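The structure file run_16.txt is reproduced below (compact mmCIF, C-alpha atoms).
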# COMPACT_ATOMS: atom_id res chain seq x y z
CA MET A 1 188.17 121.64 117.93
CA SER A 2 187.63 123.62 121.11
CA LYS A 3 186.67 127.28 120.93
CA LYS A 4 189.41 129.85 121.26
CA VAL A 5 189.13 132.05 124.37
CA TYR A 6 190.88 135.12 125.71
CA VAL A 7 191.95 135.58 129.32
CA THR A 8 192.30 139.35 129.78
CA LEU A 9 193.93 140.62 132.96
CA GLN A 10 193.14 143.87 134.70
CA ASN A 11 196.64 145.13 133.87
CA GLY A 12 195.96 144.70 130.14
CA LYS A 13 197.88 141.46 129.60
CA VAL A 14 196.09 138.89 127.40
CA PHE A 15 196.53 135.11 127.27
CA GLU A 16 194.95 132.93 124.59
CA GLY A 17 193.73 129.41 125.16
CA TYR A 18 190.86 127.02 124.48
CA SER A 19 187.51 126.50 126.13
CA PHE A 20 186.42 123.43 128.07
CA GLY A 21 183.74 122.97 130.68
CA ALA A 22 180.76 125.30 130.41
CA GLU A 23 180.84 127.70 127.47
CA LYS A 24 180.23 131.13 128.96
CA GLU A 25 181.99 134.43 129.57
CA VAL A 26 182.86 135.52 133.12
CA ILE A 27 184.73 138.07 135.22
CA GLY A 28 186.41 137.03 138.48
CA GLU A 29 189.41 137.46 140.76
CA LEU A 30 192.41 135.63 139.30
CA VAL A 31 194.45 133.50 141.74
CA PHE A 32 196.80 130.52 141.51
CA THR A 33 197.22 127.36 143.58
CA THR A 34 200.43 125.34 143.77
CA GLY A 35 199.14 121.90 144.79
CA MET A 36 200.55 118.99 142.79
CA THR A 37 197.56 116.83 143.75
CA GLY A 38 194.10 117.50 145.13
CA TYR A 39 192.46 119.24 142.17
CA ILE A 40 189.14 117.65 143.19
CA GLU A 41 189.40 119.34 146.58
CA THR A 42 190.31 122.61 144.87
CA LEU A 43 187.33 122.46 142.53
CA THR A 44 184.95 121.84 145.45
CA ASP A 45 186.45 124.18 148.09
CA PRO A 46 183.90 126.94 148.90
CA SER A 47 186.78 129.29 149.79
CA TYR A 48 187.32 129.81 146.05
CA TYR A 49 183.96 131.55 145.67
CA GLY A 50 184.15 134.34 143.06
CA GLN A 51 187.64 133.41 141.87
CA ILE A 52 189.23 132.24 138.63
CA VAL A 53 191.63 129.52 139.78
CA THR A 54 194.85 128.72 137.93
CA GLN A 55 196.57 125.39 138.61
CA THR A 56 200.36 125.69 138.49
CA PHE A 57 200.76 121.92 138.13
CA PRO A 58 200.69 121.39 134.35
CA LEU A 59 198.48 118.28 133.95
CA ILE A 60 195.04 118.21 135.56
CA GLY A 61 192.47 115.41 135.47
CA ASN A 62 194.65 112.30 135.31
CA TYR A 63 192.80 110.52 138.14
CA GLY A 64 189.34 111.75 137.17
CA MET A 65 186.60 113.07 139.44
CA ILE A 66 185.65 111.20 142.63
CA SER A 67 182.58 112.39 144.54
CA ALA A 68 183.78 110.90 147.86
CA ASP A 69 186.79 113.23 147.78
CA SER A 70 184.72 116.40 147.31
CA GLU A 71 184.90 119.14 149.94
CA SER A 72 181.35 120.38 149.25
CA MET A 73 178.23 119.48 147.27
CA LYS A 74 179.09 121.81 144.39
CA SER A 75 181.75 124.03 142.89
CA TYR A 76 181.90 127.72 143.79
CA LEU A 77 184.69 128.72 141.38
CA THR A 78 183.99 131.40 138.82
CA ALA A 79 186.31 129.68 136.32
CA TYR A 80 189.24 127.26 136.07
CA ILE A 81 192.53 127.51 134.13
CA VAL A 82 194.96 124.66 133.40
CA ARG A 83 197.94 124.07 131.12
CA GLU A 84 196.80 120.65 129.96
CA LYS A 85 193.61 118.69 130.67
CA CYS A 86 193.42 114.92 130.76
CA ASP A 87 190.41 113.42 128.98
CA THR A 88 191.32 109.78 129.73
CA PRO A 89 191.77 109.44 133.50
CA SER A 90 193.26 106.22 134.84
CA ASN A 91 191.95 105.41 138.32
CA PHE A 92 189.68 102.63 139.54
CA ARG A 93 187.75 105.19 141.65
CA SER A 94 187.18 107.62 138.78
CA GLU A 95 183.55 108.58 138.07
CA GLY A 96 184.22 110.80 135.07
CA THR A 97 186.43 113.55 133.70
CA VAL A 98 187.09 117.04 134.99
CA GLU A 99 185.47 118.48 131.86
CA GLU A 100 182.25 116.50 132.43
CA TYR A 101 182.15 117.76 136.02
CA LEU A 102 182.68 121.39 135.02
CA LYS A 103 179.92 121.20 132.42
CA ARG A 104 177.47 119.80 135.00
CA GLU A 105 178.43 122.56 137.45
CA GLY A 106 178.24 125.32 134.84
CA ILE A 107 181.87 126.35 135.41
CA PRO A 108 183.80 127.69 132.39
CA ALA A 109 187.40 126.59 132.02
CA VAL A 110 190.44 127.23 129.83
CA TYR A 111 193.30 124.96 128.76
CA GLY A 112 196.35 125.56 126.59
CA ILE A 113 197.36 128.64 128.60
CA ASP A 114 200.98 129.24 129.59
CA THR A 115 200.14 128.86 133.29
CA ARG A 116 203.77 129.41 134.30
CA GLU A 117 203.78 132.88 132.73
CA LEU A 118 200.30 133.61 134.08
CA THR A 119 201.40 132.69 137.61
CA LYS A 120 204.56 134.81 137.35
CA THR A 121 202.40 137.74 136.29
CA VAL A 122 200.18 137.41 139.38
CA ARG A 123 203.20 136.94 141.67
CA GLU A 124 204.83 140.10 140.38
CA ALA A 125 201.77 142.34 140.00
CA GLY A 126 199.55 140.80 142.71
CA VAL A 127 196.07 139.31 142.58
CA MET A 128 193.89 141.07 140.01
CA ASN A 129 190.61 140.65 138.21
CA ALA A 130 190.39 138.90 134.85
CA ALA A 131 187.82 138.21 132.14
CA ILE A 132 187.36 135.05 130.10
CA THR A 133 185.71 135.80 126.75
CA PHE A 134 185.34 134.38 123.26
CA LYS A 135 186.26 137.70 121.66
CA PRO A 136 188.97 140.23 122.61
CA PHE A 137 187.86 142.06 125.78
CA THR A 138 188.00 145.86 126.07
CA ASP A 139 185.73 146.83 128.99
CA PHE A 140 188.46 147.43 131.57
CA ALA A 141 186.11 149.58 133.64
CA ALA A 142 183.99 146.46 134.29
CA LEU A 143 187.11 144.54 135.28
CA LYS A 144 188.10 147.22 137.75
CA ARG A 145 184.61 147.35 139.29
CA TYR A 146 184.38 143.65 140.03
CA LYS A 147 184.58 142.78 143.72
CA ILE A 148 183.70 139.64 145.68
CA LYS A 149 180.88 140.54 148.08
CA ASP A 150 178.70 138.66 150.59
CA ALA A 151 180.79 135.55 150.00
CA VAL A 152 180.08 133.81 153.31
CA ALA A 153 176.32 134.26 152.92
CA ALA A 154 176.57 132.70 149.45
CA VAL A 155 178.30 129.50 150.59
CA SER A 156 177.14 128.95 154.19
CA SER A 157 174.59 126.25 154.97
CA LYS A 158 171.03 127.45 155.43
CA GLU A 159 169.92 124.94 158.06
CA VAL A 160 171.23 123.06 161.10
CA LYS A 161 172.63 119.56 160.52
CA THR A 162 173.56 117.05 163.23
CA LEU A 163 175.90 114.10 162.69
CA GLY A 164 177.45 111.56 165.03
CA GLU A 165 176.95 110.67 168.67
CA GLY A 166 179.61 111.36 171.23
CA LYS A 167 180.51 112.51 174.69
CA TYR A 168 181.22 116.03 173.46
CA THR A 169 179.20 118.23 171.12
CA VAL A 170 180.95 120.56 168.69
CA VAL A 171 179.04 123.40 167.08
CA LEU A 172 180.64 123.90 163.68
CA TYR A 173 179.99 127.37 162.26
CA ASP A 174 179.81 126.90 158.50
CA PHE A 175 181.36 129.89 156.72
CA GLY A 176 182.08 127.65 153.72
CA ALA A 177 183.36 124.65 155.66
CA LYS A 178 185.27 121.95 153.83
CA ASN A 179 183.80 118.48 154.39
CA ASN A 180 187.03 117.19 155.85
CA ILE A 181 186.69 119.39 158.94
CA GLU A 182 183.46 117.54 159.70
CA ARG A 183 185.14 114.19 158.93
CA GLU A 184 188.03 114.87 161.32
CA LEU A 185 185.64 115.76 164.14
CA LEU A 186 183.49 112.68 163.53
CA ASN A 187 186.57 110.46 163.38
CA ARG A 188 187.28 111.51 166.98
CA GLY A 189 183.89 110.31 168.20
CA LEU A 190 182.31 113.74 168.50
CA LYS A 191 178.77 114.88 167.90
CA VAL A 192 178.90 117.60 165.23
CA VAL A 193 176.15 120.20 164.89
CA THR A 194 176.82 122.25 161.74
CA VAL A 195 175.08 125.62 161.82
CA PRO A 196 174.71 128.59 159.43
CA ALA A 197 177.02 131.59 159.68
CA ASP A 198 174.30 133.72 161.28
CA TYR A 199 173.37 131.18 163.99
CA PRO A 200 172.86 132.99 167.33
CA ALA A 201 175.61 132.63 169.91
CA GLU A 202 173.04 132.07 172.66
CA GLU A 203 171.65 129.00 170.87
CA ALA A 204 175.11 127.62 170.16
CA LEU A 205 176.18 127.92 173.80
CA LYS A 206 173.14 125.93 174.95
CA ILE A 207 174.51 122.77 173.33
CA ALA A 208 178.24 123.33 172.67
CA ASP A 209 181.13 121.72 174.52
CA GLY A 210 183.31 123.44 171.93
CA VAL A 211 182.91 125.69 168.90
CA MET A 212 184.67 125.24 165.57
CA LEU A 213 184.96 128.27 163.26
CA SER A 214 185.43 127.05 159.70
CA ASN A 215 187.21 128.25 156.61
CA GLY A 216 185.39 130.34 154.03
CA PRO A 217 185.75 132.91 151.23
CA GLY A 218 185.93 136.66 150.90
CA ASP A 219 187.04 139.63 152.99
CA PRO A 220 186.79 138.66 156.69
CA ALA A 221 186.11 142.26 157.80
CA GLU A 222 182.77 142.41 155.97
CA ASN A 223 181.30 139.75 158.30
CA THR A 224 180.34 142.17 161.06
CA GLY A 225 177.45 140.05 162.36
CA VAL A 226 179.62 136.95 162.68
CA ILE A 227 182.32 138.95 164.48
CA GLU A 228 179.77 140.06 167.08
CA THR A 229 178.64 136.44 167.51
CA ILE A 230 182.22 135.34 168.16
CA LYS A 231 182.62 138.03 170.82
CA LYS A 232 179.70 136.46 172.71
CA ILE A 233 181.16 132.94 172.43
CA ALA A 234 184.79 133.71 173.26
CA GLY A 235 185.78 132.54 176.74
CA LYS A 236 182.60 130.52 177.31
CA VAL A 237 183.70 127.22 175.69
CA PRO A 238 186.86 126.05 173.88
CA VAL A 239 187.12 127.52 170.36
CA PHE A 240 189.16 126.28 167.39
CA GLY A 241 189.29 128.49 164.29
CA ILE A 242 190.62 127.52 160.87
CA CYS A 243 191.49 129.90 157.99
CA LEU A 244 188.61 132.42 157.81
CA GLY A 245 187.66 131.32 161.33
CA HIS A 246 191.18 132.30 162.43
CA GLN A 247 190.79 135.74 160.85
CA LEU A 248 187.30 136.33 162.25
CA PHE A 249 188.37 135.43 165.78
CA ALA A 250 191.29 137.88 165.55
CA LEU A 251 188.92 140.62 164.38
CA ALA A 252 186.54 139.84 167.23
CA MET A 253 189.43 140.26 169.66
CA GLY A 254 190.34 143.69 168.29
CA GLY A 255 192.95 142.65 165.73
CA GLN A 256 193.18 143.62 162.08
CA THR A 257 193.29 141.80 158.74
CA ARG A 258 194.57 142.90 155.34
CA LYS A 259 194.63 141.59 151.79
CA MET A 260 197.85 139.91 150.70
CA LYS A 261 199.66 140.48 147.42
CA TYR A 262 198.80 137.03 146.06
CA GLY A 263 197.93 134.93 149.11
CA HIS A 264 198.84 131.37 150.02
CA ARG A 265 197.12 128.61 148.04
CA GLY A 266 198.42 125.07 147.78
CA ALA A 267 199.49 122.01 149.74
CA ASN A 268 203.16 122.88 150.22
CA GLN A 269 203.24 125.92 152.52
CA PRO A 270 205.93 125.81 155.27
CA VAL A 271 204.85 126.97 158.73
CA ARG A 272 207.08 127.37 161.80
CA HIS A 273 205.83 126.66 165.31
CA VAL A 274 207.13 129.64 167.31
CA GLU A 275 207.68 127.83 170.62
CA SER A 276 209.43 124.70 169.33
CA GLY A 277 210.89 125.95 166.05
CA ARG A 278 209.46 122.87 164.31
CA ILE A 279 208.50 123.26 160.65
CA PHE A 280 205.20 121.88 159.36
CA ILE A 281 204.24 121.57 155.69
CA THR A 282 200.64 122.71 155.39
CA SER A 283 197.74 123.15 153.01
CA GLN A 284 196.39 126.69 152.66
CA ASN A 285 193.88 128.72 150.70
CA HIS A 286 193.57 132.37 151.67
CA GLY A 287 194.07 135.86 150.28
CA TYR A 288 193.87 137.75 153.59
CA GLU A 289 196.11 137.66 156.66
CA VAL A 290 195.90 138.59 160.32
CA VAL A 291 198.25 141.51 161.00
CA SER A 292 200.56 140.09 163.68
CA ASN A 293 201.33 143.35 165.48
CA SER A 294 197.63 144.28 165.63
CA LEU A 295 196.76 141.53 168.10
CA LYS A 296 195.33 142.96 171.32
CA CYS A 297 195.38 139.62 173.13
CA GLY A 298 196.69 136.13 172.55
CA LYS A 299 200.16 135.15 171.41
CA LEU A 300 201.53 134.29 167.99
CA SER A 301 201.89 130.52 167.76
CA TYR A 302 202.79 129.89 164.09
CA VAL A 303 204.43 131.98 161.37
CA ASN A 304 204.82 131.35 157.65
CA GLY A 305 208.24 130.02 156.73
CA ASN A 306 208.42 132.04 153.53
CA ASP A 307 207.12 135.51 154.37
CA GLY A 308 206.79 135.52 158.18
CA THR A 309 203.05 136.24 158.17
CA CYS A 310 200.75 135.15 160.99
CA GLU A 311 199.76 131.47 160.71
CA GLY A 312 198.30 130.86 164.15
CA VAL A 313 197.36 132.46 167.45
CA ASP A 314 196.84 130.92 170.88
CA TYR A 315 194.46 132.67 173.32
CA PRO A 316 195.11 130.86 176.63
CA GLU A 317 192.98 133.29 178.63
CA LEU A 318 189.99 132.45 176.38
CA ASN A 319 190.70 128.71 175.92
CA ALA A 320 190.86 129.30 172.17
CA PHE A 321 193.37 128.72 169.39
CA THR A 322 193.30 129.43 165.67
CA THR A 323 195.33 128.54 162.58
CA GLN A 324 195.53 130.14 159.15
CA PHE A 325 196.50 126.79 157.61
CA HIS A 326 194.30 123.70 157.25
CA PRO A 327 195.18 120.92 159.74
CA GLU A 328 192.38 118.81 158.22
CA ALA A 329 194.10 119.00 154.81
CA CYS A 330 192.94 116.54 152.20
CA ALA A 331 194.62 115.29 149.98
CA GLY A 332 197.29 116.35 152.50
CA PRO A 333 199.75 117.01 154.04
CA HIS A 334 198.74 115.83 157.51
CA ASP A 335 201.59 117.33 159.60
CA ALA A 336 199.24 119.39 161.80
CA ASN A 337 196.35 116.93 162.06
CA LYS A 338 196.92 116.48 165.80
CA LEU A 339 195.51 119.95 166.46
CA PHE A 340 192.08 118.29 166.37
CA ASP A 341 193.23 116.09 169.24
CA GLU A 342 194.25 119.23 171.13
CA PHE A 343 190.72 120.58 170.60
CA VAL A 344 189.22 117.39 172.06
CA ILE A 345 191.51 117.60 175.11
CA ARG A 346 190.43 121.19 175.71
CA MET A 347 186.75 120.23 175.56
CA LYS A 348 187.34 117.34 177.96
CA ASN A 349 189.17 119.56 180.47
CA HIS A 350 186.57 122.29 180.17
CA LYS A 351 183.68 119.91 180.78
CA GLU A 352 185.39 118.28 183.77
CA ARG A 353 185.87 121.70 185.39
CA LYS A 354 182.19 122.62 185.09
Write out the structure in this file as structure tokens.
Amino acid sequence: MSKKVYVTLQNGKVFEGYSFGAEKEVIGELVFTTGMTGYIETLTDPSYYGQIVTQTFPLIGNYGMISADSESMKSYLTAYIVREKCDTPSNFRSEGTVEEYLKREGIPAVYGIDTRELTKTVREAGVMNAAITFKPFTDFAALKRYKIKDAVAAVSSKEVKTLGEGKYTVVLYDFGAKNNIERELLNRGLKVVTVPADYPAEEALKIADGVMLSNGPGDPAENTGVIETIKKIAGKVPVFGICLGHQLFALAMGGQTRKMKYGHRGANQPVRHVESGRIFITSQNHGYEVVSNSLKCGKLSYVNGNDGTCEGVDYPELNAFTTQFHPEACAGPHDANKLFDEFVIRMKNHKERK
């Protein structure tokens, strides 16, 4: 029989469940994700650094764990919460269970929780900290003190990596980049040079036909060094920013960001293209937003279909564009995948003009 555990929220609400994965007590920021598939990608997305992730879909683990579908080499979650776990996955690609993976990664997890009620609590009260313990938790001062810090430094690569051979070279700034960004670039015949978050702009511009700013975790405003780097790159070569990269570029251009009530996390987020009115279904994972009316340059290109928040900005004067959503989404949807083709076209045109 699994050990009983307590999930204690910062607002005093307590949920009881059972332990699986690594057996340890943790404190983290409690969030929820609404994807019906793609739990492997969720477990391996560096953007979840420091967070306790709740899956709203009730059954997790039915197709097992598959290393080829991972978005990074390890898991950066603080903990994982599900309604029901599957211990007998049925999939010819399966390499093991979710519980086996979590134990190897040292990630504690909880099942048997009323995840519907837990999600409603976060939606109504907003994102908050939570503790997972084996005994009733009373140290609410510790819960209140917890804050995710230096997240990008914790997940960014520490060395330069080069993959592919192509006519154009993309410098991919790794702020916690998902593997599928790299895959999408390579699939278009590009040379991809992945660099750490603190890589000097001067070195990047020596080799770049275009710069990709990746997704990543944490408060974008704390990355002051990266913001200064982006200022030096902007306008020199085409730039494409995704998620955190979108937020950092806006900050570099004088805009503002702010924390959302509960963010957008999942593979079913509607986004409206401002110019055409077309609706795209997108994958997202973020707790901060660019404040639309704070933009000093550029024009709003996409807005969220539910709450009207900024989902994309085009900077024609700088040959740059950014999206809050993930056009490289895996396991999907792929509605906005062609934005990578737009990036290639911009690099081609830029190089031909030189």
I'd like the contact shell of Phe175 in chain A - 9 Å cut-off, only C-alpha atoms, skipping same-chain residues fewer than 3 positions apart - returned as a count of residues only.
17
Pairwise distance for CA of Val110 in chain A and CA of Arg123 in chain A, rounded to one decimal in Å:
19.9 Å
Could you produce a table of the residues of range 161-188 of chain A lying within 12 Å of range 336-354 of chain A, with the nearest pair of atoms per residue and their separation in Å rounded to one decimal, using only C-alpha atoms, ordered by chain and increasing residue number, as a tab-separated table?
residue	atom	partner	partner_atom	distance
A:Gly166	CA	A:Val344	CA	11.4
A:Lys167	CA	A:Lys348	CA	9.0
A:Tyr168	CA	A:Met347	CA	7.3
A:Thr169	CA	A:Met347	CA	9.0
A:Val170	CA	A:Met347	CA	9.0
A:Val171	CA	A:Met347	CA	11.9
A:Asn180	CA	A:Asn337	CA	11.2
A:Ile181	CA	A:Phe340	CA	9.2
A:Glu182	CA	A:Phe340	CA	10.9
A:Arg183	CA	A:Phe340	CA	11.0
A:Glu184	CA	A:Phe340	CA	7.3
A:Leu185	CA	A:Phe340	CA	7.3
A:Leu186	CA	A:Phe340	CA	10.6
A:Asn187	CA	A:Phe340	CA	10.0
A:Arg188	CA	A:Asp341	CA	7.8
If we count only C-alpha atoms, what is near Ala141 in chain A at a cut-off of 12 Å, once residues fewer than 6 positions away on the same chain are taken out, given as a PyMOL selection string?
chain A and resi 9-12+27+129-131
Skip range 258-275 of chain A itself and residues of its chain fewer than 6 positions away, then list as JSON, numbers by chain all residues within 9 Å of it, counting all atoms listed in the file.
{"A": [31, 32, 33, 34, 35, 36, 37, 38, 42, 122, 123, 124, 125, 126, 127, 128, 219, 220, 221, 281, 282, 283, 284, 285, 286, 287, 288, 289, 290, 291, 300, 301, 302, 303, 304, 305, 306, 308, 311, 312, 325, 329, 330, 331, 332, 333]}
Within 8 Å of (176.3, 133.2, 165.0), all atoms listed in the file: residues as a PyMOL selection string?
chain A and resi 173+196-201+204+225-226+228-230
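Note that the spacing between CA of Met65 in chain A and CA of Glu328 in chain A amounts to 20.5 Å.
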Rounded to one decimal in Å, what is the spacing between CA of Val192 in chain A and CA of Phe280 in chain A?
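About the pair CA of Val192 in chain A and CA of Phe280 in chain A: they are 27.3 Å apart.
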Determine, counting all atoms listed in the file, which protein, DNA and RNA residues have an atom within 10 Å of an atom of Gly21 in chain A; residues of the same chain fewer than 4 positions away are not included. Present the result as number ranges by chain.
A: 79-80, 98-111
For Gly17 in chain A, which residue out of A:Gly254, A:Gly176, A:Gly112, A:Pro136 is the nearest one, using only C-alpha atoms?
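Once distances to Gly17 in chain A are computed over only C-alpha atoms, the minimum belongs to A:Gly112.
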When you look at Tyr18 in chain A with a cut-off of 12 Å (counting only C-alpha atoms), what residues show up, excluding the ones that are within fewer than 5 positions of it in the same chain? I need them as a ChimeraX atom specification.
/A:1-7,23,80-85,108-114,132-135
Between A:Lys74, A:Val160, A:Glu25, A:Gly218, which is the closest to Tyr48 in chain A once you count only C-alpha atoms?
A:Gly218
Restricting the calculation to only C-alpha atoms: of A:Thr119, A:Thr78, A:Asn319, A:Thr8, which residue gets closest to Val26 in chain A?
A:Thr78
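Nearest to Leu163 in chain A of all the residues A:Val195, A:Ile52, A:Ile40, A:Cys310 is A:Val195, counting all atoms listed in the file.
Distance check against Gly164 in chain A using all atoms listed in the file: of A:Thr88, A:Leu205, A:Ser70, A:Lys191, the minimum falls on A:Lys191.
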As JSON: centre and edge lengths in Å, one decimal, of the axis-aligned box holding range 66-75 of chain A with 3 Å per side:
{"center_x": 182.5, "center_y": 117.5, "center_z": 146.3, "size_x": 14.6, "size_y": 19.1, "size_z": 13.3}
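Restricting the calculation to all atoms listed in the file, the smallest distance between Gly210 in chain A and any of A:Ile66, A:Leu172, A:Met73, A:Leu251 is found for A:Leu172.
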